[in-house]
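Enquirer: I have a structure here, written as structure tokens, and I will follow up with some questions on it.
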Amino acid sequence: MAQKPSIPKGTRDFSPMEMMRRNYIFNTIRSVFELNGYAPIETPAMENLSTLLGKYGDEGDKLLFKILNSGDYAAKLQPSELTEALKICEKGLRYDLTVPFARFVVQHQNEIVFPFKRYQIQPVWRADRPQKGRYREFYQCDVDVIGSKSLLNEVELVGIVQEVFARLGISVTLKMNNRKILYGIAEVMGHADKMIDITVAIDKLEKIGLDNVKAELAERGIEQEAIAKLQPILELSGTTAEKLDTLATILANSETGLLGVEEMRTVFNYVAAAGYNLNIELDLSLARGLNYYTGAIFEVKANDFAIGSICGGGRYDNLTGIFGLSDVSGVGISFGADRIYDVMVGLDLFPAYLACSSKFLFVNLGDKEAMASLTLVNALRNEGISAELYPDSAKMKKQMEYANRKGVQYVVIVGSNELEQGVATVKAMDTGEQIVVPFSNFVEKVKEHFYTLSFEI
């Protein structure tokens with residue numbers, strides 16, 4: 001009996017239509033990254049476990065996919081040894097692109113120019129429970145600058161967020177906070193030693209509500225008096241400037257907290273001066289779960305579609321230090337291509353021309369006709385217009401069905417009559433309109449007549 005084909009849960013196959021749409025997202029993001037002076041790199045799918053472990057917190061470590069040392073390692077073992085041997089792994093699939101990037105920077109520090117501006121578009125893997133908008137294999141599109149502490153880098157990332165989502169047509173809100181502010185809040189609560197516990201809890205505010213956050217904090221050993229100091233901070237209202245002024249008063253006895261307030265004030269002032277019209281808000285519940293963040297943190301939500309964050313990141317002051325290169329600060333953000341895809345499908349934002357891989361299909365009516373068609377196919381391709389010739393001299397009905405199923409926009413017919421007259425008949429599949437075009441100026445006439453329709457020249 002034949003095996004039923006399947007793929008692991010949390011992974012997906014992508015059809016040609018889906019890949020054209022995904023590439024549209026990747027290409028849009030890539031073009032904005034390069035517009036801002038970032039260069040591409042790639043790192044291996046697997047890293048040494050020592051590179052990955054301890055960088056994402058306890059919860060992150062549990063989601064690492066670990067790789068057995070070698071494919072035939074277990075085959076050599078006795079059954080009694082197998083269970084224990086399966087725990088022996090030295091490599092893992094990358095959990096994100098930031099930690100491998102830090103490893104790359106340290107390993108290649110003598111080959112790169114600082115500040116180093118890089119982008120990376122590659123898949124990552126997490127042993128998570130699959131659900132809507134959450135996959136075990138998914139792509140990240142990261143952009144980082146490392147080797148500079150200037151807050152102008154944060155401002156540039158805000159501009160990148162604005163430009164990417166403007167080009168994709170997605171209305172978004174960018175939420176910002178600062179880990180130094182969160183540390184200051186933990187200090188004011190009298191629990192600087194439990195900052196991670198506090199941030200993990202308050203990061204769930206939007207999902208579980210304030211009462212459940214307070215209950216979780218109590219479970220983590222934080223007394224009610226300290227929790228009572230947190231509530232008014234999370235409920236701060238007013239403009240960003242007013243919130244920062246109030247925070248400065250609340251955190252007056254926390255040097256670190258005040259530094260975070262001033263960093264946020266500077267970033268928001270720069271953003272205003274740059275004239276960005278992105279919807280940005282200071283969200284004091286935003287914590288970002290990754291332990292390596294030390295300064296500004298970002299998260300982007302779609303305004304018109306219910307899904308988790310579609311972009312996020314932050315400042316990390318010494319991530320390279322764990323690999324032996326100290327005091328090198330970086331900041332970056334990651335665009336979640338898979339969630340962005342879901343948003344664009346849900347809101348019907350993909351351009352219509354992505355529905356097909358070829359704009360023109362030339363039907364094949366015989367050898368002589370096919371040879372004449374090939375010349376016209378290449379003429380279109382030389383102008384950057386996608387075109388193909390049906391490979392077999394099949395019945396017209398079959399070729400037209402092929403065109404319909406592929407979503408081809410224009411069918412070109414070169415039959416014996418057309419060949420005699422030196423012309424081609426071009427039919428628009430959506431309207432049924434037909435024109436006759438001479439071979440001699442085929443591309444010029446096609447562009448002139450169909451320029452206002454739905455394919456891009």
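By order of appearance in the structure tokens: chains A, B, ..., then residues from 1 within every chain, and ligands from 1 in the order shown.
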So that I can check the secondary structure, give me every residue of region 105-245 of chain A assigned helix (DSSP H, G or I) by backbone DSSP, as a ChimeraX atom specification.
Expert: /A:105-107,152-168,179-188,192-202,205-208,210-219,224-234,240-245
Enquirer: Identify all residues of region 235-455 of chain A in strand (DSSP E or B) (DSSP on the backbone) and supply them as a PyMOL selection string.
Expert: chain A and resi 279-282+296-302+311-316+330-336+360-362+387-389+410-413+423-428+434-438
Enquirer: Residues as selected, N, CA and C atoms, written as a compact mmCIF listing (two decimals), in the first residue's frame, can you do that?
Expert:
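Listing of out.txt after writing:
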```
# COMPACT_ATOMS: atom_id res chain seq x y z
N ASN A 279 1.58 55.82 12.80
CA ASN A 279 0.91 55.83 14.11
C ASN A 279 1.81 55.13 15.13
N ILE A 280 2.41 55.91 16.04
CA ILE A 280 3.35 55.37 17.03
C ILE A 280 2.83 55.67 18.43
N GLU A 281 2.92 54.69 19.32
CA GLU A 281 2.50 54.94 20.70
C GLU A 281 3.47 54.30 21.69
N LEU A 282 3.58 54.93 22.85
CA LEU A 282 4.37 54.39 23.95
C LEU A 282 3.49 53.39 24.70
N ALA A 296 15.54 50.35 23.68
CA ALA A 296 14.27 50.50 22.99
C ALA A 296 13.79 49.16 22.45
N ILE A 297 12.48 48.93 22.54
CA ILE A 297 11.87 47.73 21.97
C ILE A 297 10.67 48.15 21.13
N PHE A 298 10.43 47.38 20.07
CA PHE A 298 9.40 47.72 19.08
C PHE A 298 8.45 46.54 18.88
N GLU A 299 7.22 46.85 18.53
CA GLU A 299 6.27 45.84 18.10
C GLU A 299 5.26 46.50 17.18
N VAL A 300 4.93 45.84 16.08
CA VAL A 300 4.00 46.41 15.10
C VAL A 300 2.76 45.53 15.01
N LYS A 301 1.60 46.16 15.08
CA LYS A 301 0.32 45.45 14.94
C LYS A 301 -0.44 46.01 13.74
N ALA A 302 -1.13 45.11 13.03
CA ALA A 302 -2.01 45.54 11.94
C ALA A 302 -3.27 46.13 12.53
N CYS A 311 5.73 42.48 13.29
CA CYS A 311 7.10 43.02 13.20
C CYS A 311 7.51 43.37 14.63
N GLY A 312 8.76 43.13 14.97
CA GLY A 312 9.21 43.48 16.31
C GLY A 312 10.72 43.46 16.40
N GLY A 313 11.24 44.06 17.47
CA GLY A 313 12.69 44.07 17.65
C GLY A 313 13.09 44.97 18.79
N GLY A 314 14.37 45.37 18.79
CA GLY A 314 14.84 46.23 19.86
C GLY A 314 16.35 46.38 19.89
N ARG A 315 16.81 47.08 20.91
CA ARG A 315 18.23 47.38 21.13
C ARG A 315 18.85 46.32 22.03
N TYR A 316 20.03 45.84 21.64
CA TYR A 316 20.78 44.88 22.47
C TYR A 316 22.20 45.42 22.60
N GLY A 330 23.91 47.02 19.33
CA GLY A 330 23.18 46.90 18.08
C GLY A 330 21.70 47.12 18.29
N VAL A 331 21.00 47.34 17.19
CA VAL A 331 19.54 47.47 17.25
C VAL A 331 18.98 46.95 15.93
N GLY A 332 17.84 46.28 16.01
CA GLY A 332 17.26 45.74 14.79
C GLY A 332 15.80 45.39 14.96
N ILE A 333 15.17 45.09 13.84
CA ILE A 333 13.78 44.66 13.85
C ILE A 333 13.62 43.50 12.87
N SER A 334 12.57 42.72 13.08
CA SER A 334 12.30 41.57 12.25
C SER A 334 10.86 41.65 11.75
N PHE A 335 10.70 41.52 10.42
CA PHE A 335 9.38 41.49 9.82
C PHE A 335 8.94 40.04 9.67
N GLY A 336 7.78 39.71 10.21
CA GLY A 336 7.26 38.35 10.13
C GLY A 336 6.52 38.14 8.82
N PHE A 360 1.36 36.86 -21.03
CA PHE A 360 0.95 36.49 -22.39
C PHE A 360 1.19 35.01 -22.62
N LEU A 361 0.21 34.34 -23.20
CA LEU A 361 0.38 32.97 -23.65
C LEU A 361 0.16 32.93 -25.16
N PHE A 362 1.14 32.40 -25.90
CA PHE A 362 1.02 32.20 -27.34
C PHE A 362 0.55 30.76 -27.57
N ALA A 387 6.12 36.12 -20.87
CA ALA A 387 5.38 35.49 -21.97
C ALA A 387 5.86 34.06 -22.13
N GLU A 388 4.97 33.20 -22.62
CA GLU A 388 5.35 31.82 -22.89
C GLU A 388 4.60 31.30 -24.11
N LEU A 389 5.17 30.28 -24.73
CA LEU A 389 4.56 29.59 -25.86
C LEU A 389 4.13 28.21 -25.37
N TYR A 410 -3.47 37.67 -21.32
CA TYR A 410 -3.61 37.87 -22.77
C TYR A 410 -3.17 36.62 -23.52
N VAL A 411 -4.02 36.18 -24.44
CA VAL A 411 -3.68 35.05 -25.30
C VAL A 411 -3.37 35.59 -26.70
N VAL A 412 -2.29 35.11 -27.28
CA VAL A 412 -1.87 35.55 -28.62
C VAL A 412 -2.01 34.37 -29.59
N ILE A 413 -2.70 34.62 -30.69
CA ILE A 413 -2.93 33.57 -31.68
C ILE A 413 -2.19 33.93 -32.97
N VAL A 423 0.66 39.02 -39.06
CA VAL A 423 0.02 39.65 -37.91
C VAL A 423 -0.25 38.61 -36.83
N ALA A 424 -0.59 39.09 -35.64
CA ALA A 424 -1.00 38.22 -34.54
C ALA A 424 -2.29 38.77 -33.95
N THR A 425 -3.17 37.88 -33.50
CA THR A 425 -4.40 38.29 -32.82
C THR A 425 -4.17 38.21 -31.31
N VAL A 426 -4.40 39.31 -30.61
CA VAL A 426 -4.21 39.37 -29.16
C VAL A 426 -5.57 39.50 -28.49
N LYS A 427 -5.86 38.58 -27.56
CA LYS A 427 -7.15 38.58 -26.88
C LYS A 427 -6.96 38.83 -25.38
N ALA A 428 -7.68 39.83 -24.84
CA ALA A 428 -7.69 40.08 -23.40
C ALA A 428 -8.66 39.09 -22.76
N GLN A 434 -10.38 41.84 -28.59
CA GLN A 434 -9.33 41.32 -29.48
C GLN A 434 -8.81 42.44 -30.39
N ILE A 435 -7.51 42.45 -30.63
CA ILE A 435 -6.93 43.36 -31.62
C ILE A 435 -5.97 42.56 -32.49
N VAL A 436 -5.77 43.04 -33.69
CA VAL A 436 -4.82 42.42 -34.62
C VAL A 436 -3.59 43.32 -34.69
N VAL A 437 -2.43 42.72 -34.47
CA VAL A 437 -1.19 43.50 -34.36
C VAL A 437 -0.16 42.97 -35.36
N PRO A 438 0.46 43.86 -36.16
CA PRO A 438 1.50 43.43 -37.11
C PRO A 438 2.74 42.91 -36.37
```
Enquirer: If we count only C-alpha atoms, what is near region 242-253 of chain A at a cut-off of 10 Å, once residues fewer than 5 positions away on the same chain are taken out, given as a PyMOL selection string?
Expert: chain A and resi 181+183-188+229+233+236-237+258-262+264-265+282-284
Enquirer: Considering only C-alpha atoms, can you say which of A:Leu419, A:Met46, A:Val145, A:Val158 comes closest to Leu278 (chain A)?
Expert: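 Answer, going by the shortest atom-to-atom distance: A:Val158.
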Enquirer: Can you tell me how far CA of Glu444 (chain A) sits from CA of Val363 (chain A), in Å to one decimal?
Expert: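 Between CA of Glu444 (chain A) and CA of Val363 (chain A) the gap works out to 20.4 Å.
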Enquirer: Could you work out how far CA of Tyr119 (chain A) lies from CA of Val32 (chain A), giving the answer in Å with one decimal?
Expert: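 Distance between the two atoms: 10.5 Å.
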